[in-house]
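These notes concern the structure reproduced below.
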Amino acid sequence: MSCQPDIFTKVYHWLKSKQSCLLCDAPSQRLLALCEDCETELPWLKSHCIQCALPIPDPHALCADCTHNPPLFSKVISPFEFTFPLDTLISRFKYQQNWPYGQLLSNLLAQYLNHYFDQGGQRPDLILAVPLAKRRQRQRGYNQAQMVCDWLSKALALDNPKHLLLRTRETISQQGLNAKARRDNLHNAFALSEPAQIKNKHIALVDDVLTTGSTCSTISGLLLEQGAARVEVYCLARTAKPLTVSL
Ligand SMILES: [Zn+2]
Ligand SMILES: [Zn+2]
C-alpha cells in the first residue's frame with residue numbers, strides 16, 4: 001500500500017512530461033508544449049526601442065514617438081514580435097478559445113520575465129490586466145489579458161488583485177484612429193476601485209499584444225496620478241510600426 005502514492009506520482013510526472021509540441025506535434029521532451037526547434041524559430045523580438053519595445057535598428061535608442069511624445073509607462077517587456085506564426089497563435093487564443101496556445105505563450109513570457117529579473121530587472125509589486133470593455137467581455141465571455149495575467153501570476157508568484165482596475169466607459173475600437181482620436185476615445189475610460197492599493201507600488205500592466213500603446217499609456221497616467229511609483233507593460237507580442245492612418 002505504501003508504494004502506491006509513489007507509483008502514482010511517477011506516472012503523473014511521466015504523463016505530465018510527455019508533452020507534444022503544439023506547433024509541429026513532435027515530442028517536446030520537456031515540460032513546455034513546444035519543441036526546441038520550434039522555440040528557436042519563433043519571431044523573438046530583436047533590436048527595439050528601449051521604452052516602448054517598437055522594433056527599430058538601434059537597440060540602445062528611443063523610437064521617434066518616444067523621443068517626441070513619450071508614453072507614460074517606463075518600459076515594455078515583450079518576448080516576441082507580432083508576426084507569423086505568433087499572430088496566428090494569439091488570434092486562435094483570443095478569438096477561438098484555444099487556451100493551450102495562450103498558456104504556452106504566457107509560459108514563454110514568464111520564462112522571459114524570469115530571465116529579466118535574474119539580470120537585475122525589478123520585480124513588480126503587483127500585476128494588473130488591461131480590462132476589456134464590458135460589452136466586449138460579455139460577447140467574448142472572457143478577457144484574454146486577464147488570462148495571461150493569471151498564468152503569469154501563478155508562474156512568477158506575483159500579486160494579481162482582481163477588480164482593482166476597472167473599465168468604466170465603453171470605448172470604440174482603437175483600430176484606425178489617429179493619435180488624438182485615440183486619446184479622446186480613452187479619456188476617462190478607466191478607474192481604480194481602491195486607489196490606496198497602488199500607492200508607491202511598482203505595477204506591471206499585462207496585455208496580449210501592444211500595438212500603439214495608447215491604452216496602456218492612458219492607464220499608466222491614471223496609475224501614476226493615483227500614486228503608483230512606476231508602471232511597466234508586459235505583453236506577449238509587440239507589433240511593428242502600424243501604418244499611418246489619416247482621417
Ligand atoms: Zn515543434
Ligand atoms: Zn518607443
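Convention: chains lettered A, B, ... in C-alpha cells order; per-chain residue numbering from 1; ligands numbered from 1 as shown.
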
Could you list the protein, DNA and RNA residues that have any atom within 6 Å of ligand 1, counting only C-alpha atoms and all ligand atoms, and write them as a VMD selection string? chain A and resid 21 23 to 24 26 34 to 35 37 to 38

Using the chain letters and numbers from this document, which residues of range 85-183 of chain A does DSSP assign to alpha helix (DSSP H), as a ChimeraX atom specification? /A:86-95,99-118,134-140,144-156,179-183

Please list as a PyMOL selection string every residue within 6 Å of range 208-223 of chain A, counting only C-alpha atoms and excluding residues in the same chain fewer than 4 positions away. chain A and resi 71-73+145+228+235-239

Can I get the selection written as a PDB file, in the first residue's frame, with N, CA and C atoms?
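Output saved as part05.pdb:
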ATOM      1  N   PRO A  71       5.325  57.730 -24.102  1.00  0.00           N
ATOM      2  CA  PRO A  71       4.188  57.166 -23.362  1.00  0.00           C
ATOM      3  C   PRO A  71       4.433  57.281 -21.854  1.00  0.00           C
ATOM      4  N   LEU A  72       3.383  57.068 -21.053  1.00  0.00           N
ATOM      5  CA  LEU A  72       3.516  57.294 -19.613  1.00  0.00           C
ATOM      6  C   LEU A  72       4.027  56.068 -18.858  1.00  0.00           C
ATOM      7  N   PHE A  73       4.148  54.922 -19.526  1.00  0.00           N
ATOM      8  CA  PHE A  73       4.782  53.772 -18.868  1.00  0.00           C
ATOM      9  C   PHE A  73       6.290  53.867 -19.081  1.00  0.00           C
ATOM     10  N   ALA A 145      -6.487  39.152 -21.697  1.00  0.00           N
ATOM     11  CA  ALA A 145      -5.385  39.784 -20.953  1.00  0.00           C
ATOM     12  C   ALA A 145      -5.400  39.311 -19.496  1.00  0.00           C
ATOM     13  N   ALA A 228       1.015  55.552  -7.986  1.00  0.00           N
ATOM     14  CA  ALA A 228       1.928  54.446  -8.296  1.00  0.00           C
ATOM     15  C   ALA A 228       3.331  55.004  -8.495  1.00  0.00           C
ATOM     16  N   CYS A 235       3.735  42.171 -22.259  1.00  0.00           N
ATOM     17  CA  CYS A 235       2.809  41.660 -23.276  1.00  0.00           C
ATOM     18  C   CYS A 235       3.433  40.477 -23.993  1.00  0.00           C
ATOM     19  N   LEU A 236       2.581  39.682 -24.664  1.00  0.00           N
ATOM     20  CA  LEU A 236       3.084  38.509 -25.382  1.00  0.00           C
ATOM     21  C   LEU A 236       3.835  38.931 -26.637  1.00  0.00           C
ATOM     22  N   ALA A 237       3.333  39.971 -27.307  1.00  0.00           N
ATOM     23  CA  ALA A 237       3.960  40.365 -28.579  1.00  0.00           C
ATOM     24  C   ALA A 237       3.779  41.858 -28.840  1.00  0.00           C
ATOM     25  N   ARG A 238       4.743  42.407 -29.573  1.00  0.00           N
ATOM     26  CA  ARG A 238       4.742  43.828 -29.920  1.00  0.00           C
ATOM     27  C   ARG A 238       4.623  43.942 -31.432  1.00  0.00           C
ATOM     28  N   THR A 239       3.749  44.808 -31.890  1.00  0.00           N
ATOM     29  CA  THR A 239       3.625  44.987 -33.346  1.00  0.00           C
ATOM     30  C   THR A 239       4.732  45.916 -33.829  1.00  0.00           C
TER      31      THR A 239
END

List all protein, DNA and RNA residues that have any atom at most 10 Å from ligand 2, counting only C-alpha atoms and all ligand atoms, and write the list as JSON, numbers by chain. {"A": [48, 49, 50, 51, 52, 53, 54, 55, 56, 61, 62, 63, 64, 65, 66, 67, 68, 69, 70, 71, 75, 76, 212, 213, 241]}

As a list in words, please: all residues of range 6-205 of chain A that backbone DSSP puts in strand (DSSP E).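 Strand (DSSP E) assignments inside range 6-205 of chain A correspond to Lys75, Val76, Ile77, Phe80, Glu81, Leu126, Ile127, Leu128, Ala129, Leu165, Leu166, Arg167, Phe190, Ala191, Leu192, His202, Ile203, Ala204 and Leu205 of chain A.
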
Cys149 in chain A environment, 7 Å, only C-alpha atoms, sequence neighbours closer than 6 positions dropped, as a ChimeraX atom specification: /A:128-129,206

Given only C-alpha atoms as the counted atoms, nearest of A:Gln144, A:Asp25, A:Gln197, A:Phe80 to Leu164 in chain A: A:Gln197

Distance criterion (only C-alpha atoms): nearest to Gln146 in chain A out of A:Gly102, A:Pro124, A:Pro79, A:Pro195: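 Selected residue with least distance to Gln146 in chain A: A:Gly102.
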
For Leu158 in chain A, list every protein, DNA or RNA residue within 12 Å, evaluated using only C-alpha atoms, and leave out those in the same chain fewer than 4 positions away; present the list as an MDAnalysis selection string. chainID A and resid 110 113:114 123:128 149:154 202:204

Between A:Asn98, A:Thr168, A:Ser91, A:Asn107, single out the one closest to His187 in chain A, counting only C-alpha atoms.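 Among the listed residues, A:Thr168 lies closest to His187 in chain A.
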
Residue among A:Pro57, A:Phe84, A:Arg136, A:Glu232 lying closest to Gly121 in chain A, counting only C-alpha atoms: A:Glu232
